[in-house]
Amino acid sequence: MLRSLVGSEMCIRDRMKALLEMSTITPHLLQVNLWSVVHDPGLMELCSQNHIAVQVYNAMNGALGQGAATAAPRAREQLDAAASQVGMPASTVLLGWIAKQGIVSITRTTSMEHLIENSPERVLVAASMLSAAMQDQIRRAVKALMHRNSPHSHPNNP
């Protein structure tokens with residue numbers, strides 16, 4: 001049964017529901033791309049209801065990578081405006097927004113500058129500075145920046 005879940009055409013939320021129904025031990029962690037966080041709130045709700053931690057990867061490349069700003073320039077302006085209000089880079093504010101939702105992020109870098117900018121301490125400071133209105137502004141911006149990826153072209157949603 002598990003093999004059929006892994007290789008199926010089901011969306012991640014449906015896979016997780018099926019896994020929860022068949023398993024005797026509840027999963028403790030779901031690792032997904034940021035796309036799933038912004039485009040599938042039902043998945044986040046399912047994880048919350050079942051006390052499953054969510055960990056995202058590819059947040060920077062997905063929302064801030066090549067093509068994101070040109071695909072949705074107004075969205076990038078909104079993210080940059082929020083970053084300006086906080087006085088931190090957009091990458092730090094993005095990670096702060098993710099952390100504010102109780103989601104863990106995995107980042108990678110080869111740049112010492114980026115390592116410092118996106119350190120856990122700075123990310124938590126950024127998260128603490130985000131008002132509800134700013135969080136909504138960032139959510140809308142990230143959703144638009146990642147809109148260019150359809151669920152069917154996304155690596156987590158075959």
# chains A, B, ... in the order shown; residues from 1 in each chain; ligands from 1
call {"tool": "select_by_dssp", "arguments": {"residues": "range 29-149 of chain A", "states": "strand (DSSP E or B)", "output": "MDAnalysis selection string"}}
result
chainID A and resid 29:33 53:57 104:105
call {"tool": "residues_around", "arguments": {"residues": "Pro27 in chain A", "least_positions_apart": "2", "cutoff": "10 Å", "atoms": "only C-alpha atoms", "output": "ChimeraX atom specification"}}
result
/A:16,19-20,23-25,29-30,47,50-53
call {"tool": "residues_around", "arguments": {"residues": "Ala83 in chain A", "least_positions_apart": "4", "cutoff": "9 Å", "atoms": "only C-alpha atoms", "output": "NGL selection string"}}
result
:A and (78-79 or 87-94 or 126)
call {"tool": "write_last_selection", "arguments": {"atoms": "C-alpha atoms", "output": "short mmCIF file (atom, residue, chain, number, x, y, z; two decimals), in the first residue's frame"}}
result
data_model
loop_
_atom_site.label_atom_id
_atom_site.label_comp_id
_atom_site.auth_asym_id
_atom_site.auth_seq_id
_atom_site.Cartn_x
_atom_site.Cartn_y
_atom_site.Cartn_z
CA GLN A 78 5.30 43.85 -1.95
CA LEU A 79 7.79 41.42 -0.43
CA GLY A 87 14.82 46.65 7.92
CA MET A 88 16.04 43.24 6.80
CA PRO A 89 16.62 41.49 3.46
CA ALA A 90 13.64 39.89 1.71
CA SER A 91 15.18 36.45 2.28
CA THR A 92 15.28 36.95 6.05
CA VAL A 93 11.72 38.26 6.10
CA LEU A 94 10.54 35.32 3.98
CA ALA A 126 12.19 39.18 11.65
#
call {"tool": "closest_residue", "arguments": {"among": "A:Ala71, A:Val54, A:Val123, A:Met60", "to": "Leu145 in chain A", "atoms": "only C-alpha atoms"}}
result
A:Ala71
call {"tool": "select_by_dssp", "arguments": {"residues": "range 25-66 of chain A", "states": "alpha helix (DSSP H)", "output": "list in words"}}
result
Leu34, Trp35, Ser36, Val37, Val38, His39, Pro41, Gly42, Leu43, Met44, Glu45, Leu46, Cys47, Ser48, Gln49, Ala59, Met60, Asn61, Gly62, Ala63 and Leu64 of chain A
call {"tool": "atom_distance", "arguments": {"atom1": "CA of Val125 in chain A", "atom2": "CA of Ile106 in chain A"}}
result
17.5 Å
call {"tool": "atom_distance", "arguments": {"atom1": "CA of Ile116 in chain A", "atom2": "CA of Met44 in chain A"}}
result
29.0 Å
call {"tool": "atom_distance", "arguments": {"atom1": "CA of Glu117 in chain A", "atom2": "CA of Gly96 in chain A"}}
result
11.4 Å
call {"tool": "residues_around", "arguments": {"residues": "Leu124 in chain A", "least_positions_apart": "3", "cutoff": "8 Å", "atoms": "only C-alpha atoms", "output": "NGL selection string"}}
result
:A and (96 or 99 or 120-121 or 127-128)
call {"tool": "residues_around", "arguments": {"residues": "Thr107 in chain A", "least_positions_apart": "3", "cutoff": "9 Å", "atoms": "only C-alpha atoms", "output": "CSV table (one decimal) with all heavy atoms, in the first residue's frame"}}
result
chain,number,residue,atom,x,y,z
A,56,VAL,N,9.9,23.0,5.3
A,56,VAL,CA,9.9,23.3,3.9
A,56,VAL,C,11.4,23.4,3.4
A,56,VAL,O,12.3,23.8,4.2
A,56,VAL,CB,9.2,24.6,3.5
A,56,VAL,CG1,7.7,24.6,3.8
A,56,VAL,CG2,9.8,25.8,4.2
A,57,TYR,N,11.6,23.1,2.2
A,57,TYR,CA,12.8,23.3,1.5
A,57,TYR,C,12.6,24.1,0.3
A,57,TYR,O,11.4,24.3,-0.1
A,57,TYR,CB,13.5,21.9,1.2
A,57,TYR,CG,12.6,21.1,0.3
A,57,TYR,CD1,12.7,21.1,-1.1
A,57,TYR,CD2,11.7,20.1,0.8
A,57,TYR,CE1,11.9,20.4,-1.9
A,57,TYR,CE2,10.9,19.3,0.0
A,57,TYR,CZ,11.1,19.5,-1.4
A,57,TYR,OH,10.3,18.7,-2.2
A,58,ASN,N,13.6,24.6,-0.3
A,58,ASN,CA,13.5,25.3,-1.6
A,58,ASN,C,12.7,26.6,-1.4
A,58,ASN,O,12.1,27.1,-2.4
A,58,ASN,CB,12.9,24.5,-2.7
A,58,ASN,CG,13.2,25.0,-4.1
A,58,ASN,OD1,14.2,25.6,-4.3
A,58,ASN,ND2,12.3,24.8,-5.0
A,59,ALA,N,12.6,27.2,-0.2
A,59,ALA,CA,11.9,28.4,0.0
A,59,ALA,C,12.5,29.6,-0.8
A,59,ALA,O,11.8,30.4,-1.5
A,59,ALA,CB,11.8,28.8,1.4
A,60,MET,N,13.8,29.7,-0.7
A,60,MET,CA,14.5,30.8,-1.4
A,60,MET,C,14.4,30.7,-2.9
A,60,MET,O,14.0,31.7,-3.6
A,60,MET,CB,16.0,30.9,-1.0
A,60,MET,CG,16.2,31.0,0.5
A,60,MET,SD,15.5,32.5,1.1
A,60,MET,CE,16.5,32.7,2.5
A,115,LEU,N,24.5,33.3,5.0
A,115,LEU,CA,24.5,32.5,6.2
A,115,LEU,C,24.2,33.4,7.5
A,115,LEU,O,23.3,33.0,8.3
A,115,LEU,CB,25.8,31.8,6.4
A,115,LEU,CG,25.8,30.8,7.6
A,115,LEU,CD1,24.8,29.6,7.4
A,115,LEU,CD2,27.2,30.2,7.7
A,118,ASN,N,20.5,35.0,7.2
A,118,ASN,CA,19.4,34.1,7.4
A,118,ASN,C,19.7,33.2,8.6
A,118,ASN,O,19.1,32.1,8.7
A,118,ASN,CB,19.2,33.3,6.2
A,118,ASN,CG,18.8,34.2,5.0
A,118,ASN,OD1,18.1,35.2,5.2
A,118,ASN,ND2,19.3,34.0,3.8
call {"tool": "closest_residue", "arguments": {"among": "A:Ser36, A:Thr26, A:Ser111, A:Gln55", "to": "Leu95 in chain A", "atoms": "only C-alpha atoms"}}
result
A:Gln55
